[in-house]
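Visitor: This is the structure, below, for whatever I ask next.
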Amino acid sequence: LYADVAKLDYRQSSYAGAAQYRLCQLYAAGRGVAEDLTQARAWCKKAAKNGVNAAYVAVGRMTEQGIGGEKNLKEAANWYRDAALYGVADGFLQLGKLKSQGSSHEDQKEAYFWFYLGQSIFSTASTFDAPVQQAAGQLSAKEIADLQTKAAAWRRMGAHERNLQIKSH
């Protein structure tokens, strides 16, 4: 049944994305089908494109780790960024973690930005506390203040404006 609905897109069935994401999970775990990480990644991509926000993080992780296809950190960052754009807390967290592993000071600034932004949006999620503090240790007080101002401006923007700002980086 999942496969039949998953072959559709959101215009044909509002359940298509959910079925695609479920197939992603089933192929990744080898439940009811042979484990096939390439298929899992492909179904997760389709699910993301059909509006399953959690699928963005799943594809990001697979892409970051080279599961079911090539490892590509830039592409993984894009998937995480899209998850964050759609308000998925793990998108902010995973993008910040990925950036914090970078070697440049700009990467460290971006890591702080995403961690801080996630913390400010999900104020009850203590998951961001330690990463924000760790990232702040790599920056000057002025850089932190500038990034906090940028995060506040980002929060006031509409989704379309956010997307344009982020893609310009």
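Each chain of the structure tokens is named A, B, ... in the order shown, its residues numbered from 1; ligands are numbered from 1 in display order.
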Near Gln101 (chain A), counting only C-alpha atoms, which residues have an atom at most 12 Å away, once you skip same-chain residues fewer than 4 positions from it, shown as an MDAnalysis selection string?

Guide: chainID A and resid 64 73 77 94:97 105:112 131 135

Visitor: Give me the residues of region 53-120 of chain A that have any atom at most 12 Å from an atom of region 14-21 of chain A; for each, the nearest atom pair and the distance in Å, rounded to one decimal. Use only C-alpha atoms, sort by chain and number, and format it as a Markdown table.

Guide:
| residue | atom | partner | partner_atom | distance |
| --- | --- | --- | --- | --- |
| A:Asn53 | CA | A:Gly17 | CA | 9.6 |
| A:Ala54 | CA | A:Tyr21 | CA | 8.6 |
| A:Ala55 | CA | A:Tyr21 | CA | 6.6 |
| A:Tyr56 | CA | A:Tyr21 | CA | 10.2 |
| A:Val57 | CA | A:Tyr21 | CA | 11.6 |
| A:Ala58 | CA | A:Tyr21 | CA | 9.4 |
| A:Val59 | CA | A:Tyr21 | CA | 10.4 |

Visitor: For all heavy atoms, I'd like the residues from the last selection saved as a PDB file, in the first residue's frame.

Guide:
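Below is the file again.pdb, written as the result:
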ATOM      1  N   ASN A  53       8.619  17.684   6.302  1.00  0.00           N
ATOM      2  CA  ASN A  53       9.745  18.475   6.789  1.00  0.00           C
ATOM      3  C   ASN A  53      10.833  17.638   7.454  1.00  0.00           C
ATOM      4  O   ASN A  53      12.018  17.930   7.302  1.00  0.00           O
ATOM      5  CB  ASN A  53       9.251  19.567   7.724  1.00  0.00           C
ATOM      6  CG  ASN A  53       8.367  20.570   7.003  1.00  0.00           C
ATOM      7  OD1 ASN A  53       8.363  20.649   5.776  1.00  0.00           O
ATOM      8  ND2 ASN A  53       7.598  21.327   7.748  1.00  0.00           N
ATOM      9  N   ALA A  54      10.465  16.597   8.176  1.00  0.00           N
ATOM     10  CA  ALA A  54      11.460  15.749   8.835  1.00  0.00           C
ATOM     11  C   ALA A  54      12.354  15.036   7.818  1.00  0.00           C
ATOM     12  O   ALA A  54      13.493  14.686   8.115  1.00  0.00           O
ATOM     13  CB  ALA A  54      10.780  14.724   9.739  1.00  0.00           C
ATOM     14  N   ALA A  55      11.848  14.851   6.620  1.00  0.00           N
ATOM     15  CA  ALA A  55      12.631  14.182   5.573  1.00  0.00           C
ATOM     16  C   ALA A  55      13.849  15.011   5.177  1.00  0.00           C
ATOM     17  O   ALA A  55      14.878  14.456   4.778  1.00  0.00           O
ATOM     18  CB  ALA A  55      11.756  13.896   4.356  1.00  0.00           C
ATOM     19  N   TYR A  56      13.765  16.337   5.304  1.00  0.00           N
ATOM     20  CA  TYR A  56      14.922  17.179   4.988  1.00  0.00           C
ATOM     21  C   TYR A  56      16.110  16.816   5.878  1.00  0.00           C
ATOM     22  O   TYR A  56      17.243  16.729   5.411  1.00  0.00           O
ATOM     23  CB  TYR A  56      14.586  18.665   5.172  1.00  0.00           C
ATOM     24  CG  TYR A  56      13.720  19.226   4.083  1.00  0.00           C
ATOM     25  CD1 TYR A  56      12.350  19.344   4.253  1.00  0.00           C
ATOM     26  CD2 TYR A  56      14.273  19.651   2.879  1.00  0.00           C
ATOM     27  CE1 TYR A  56      11.554  19.871   3.247  1.00  0.00           C
ATOM     28  CE2 TYR A  56      13.485  20.180   1.874  1.00  0.00           C
ATOM     29  CZ  TYR A  56      12.126  20.284   2.074  1.00  0.00           C
ATOM     30  OH  TYR A  56      11.334  20.800   1.074  1.00  0.00           O
ATOM     31  N   VAL A  57      15.856  16.617   7.156  1.00  0.00           N
ATOM     32  CA  VAL A  57      16.927  16.265   8.090  1.00  0.00           C
ATOM     33  C   VAL A  57      17.446  14.862   7.773  1.00  0.00           C
ATOM     34  O   VAL A  57      18.652  14.625   7.779  1.00  0.00           O
ATOM     35  CB  VAL A  57      16.451  16.370   9.558  1.00  0.00           C
ATOM     36  CG1 VAL A  57      17.520  15.861  10.512  1.00  0.00           C
ATOM     37  CG2 VAL A  57      16.076  17.810   9.883  1.00  0.00           C
ATOM     38  N   ALA A  58      16.543  13.945   7.477  1.00  0.00           N
ATOM     39  CA  ALA A  58      16.963  12.580   7.155  1.00  0.00           C
ATOM     40  C   ALA A  58      17.868  12.563   5.923  1.00  0.00           C
ATOM     41  O   ALA A  58      18.931  11.921   5.931  1.00  0.00           O
ATOM     42  CB  ALA A  58      15.738  11.691   6.929  1.00  0.00           C
ATOM     43  N   VAL A  59      17.493  13.288   4.879  1.00  0.00           N
ATOM     44  CA  VAL A  59      18.330  13.342   3.673  1.00  0.00           C
ATOM     45  C   VAL A  59      19.649  14.054   3.989  1.00  0.00           C
ATOM     46  O   VAL A  59      20.706  13.641   3.522  1.00  0.00           O
ATOM     47  CB  VAL A  59      17.610  14.062   2.507  1.00  0.00           C
ATOM     48  CG1 VAL A  59      18.529  14.188   1.300  1.00  0.00           C
ATOM     49  CG2 VAL A  59      16.355  13.322   2.116  1.00  0.00           C
TER      50      VAL A  59
END

Visitor: Mind checking DSSP for region 4-163 of chain A and telling me the alpha helix (DSSP H) residues as a VMD selection string?

Guide: chain A and resid 4 to 6 16 to 29 37 to 49 53 to 65 73 to 85 89 to 100 105 to 121 129 to 136 141 to 156 159 to 163

Visitor: Tell me, in Å to one decimal, how far CA of Arg61 (chain A) is from CA of Phe113 (chain A).

Guide: 19.9 Å

Visitor: Please identify all polymer residues within 12 Å of Phe115 (chain A), counting only C-alpha atoms, omitting same-chain residues fewer than 6 positions from it, and present them as an MDAnalysis selection string.

Guide: chainID A and resid 84 89:100 108:109 121:123 125:136 144 147:148 151

Visitor: Taking only C-alpha atoms into account, name the residue in A:Lys7, A:Gly102, A:Leu85, A:Ala47 that is nearest to Met157 (chain A).

Guide: A:Leu85
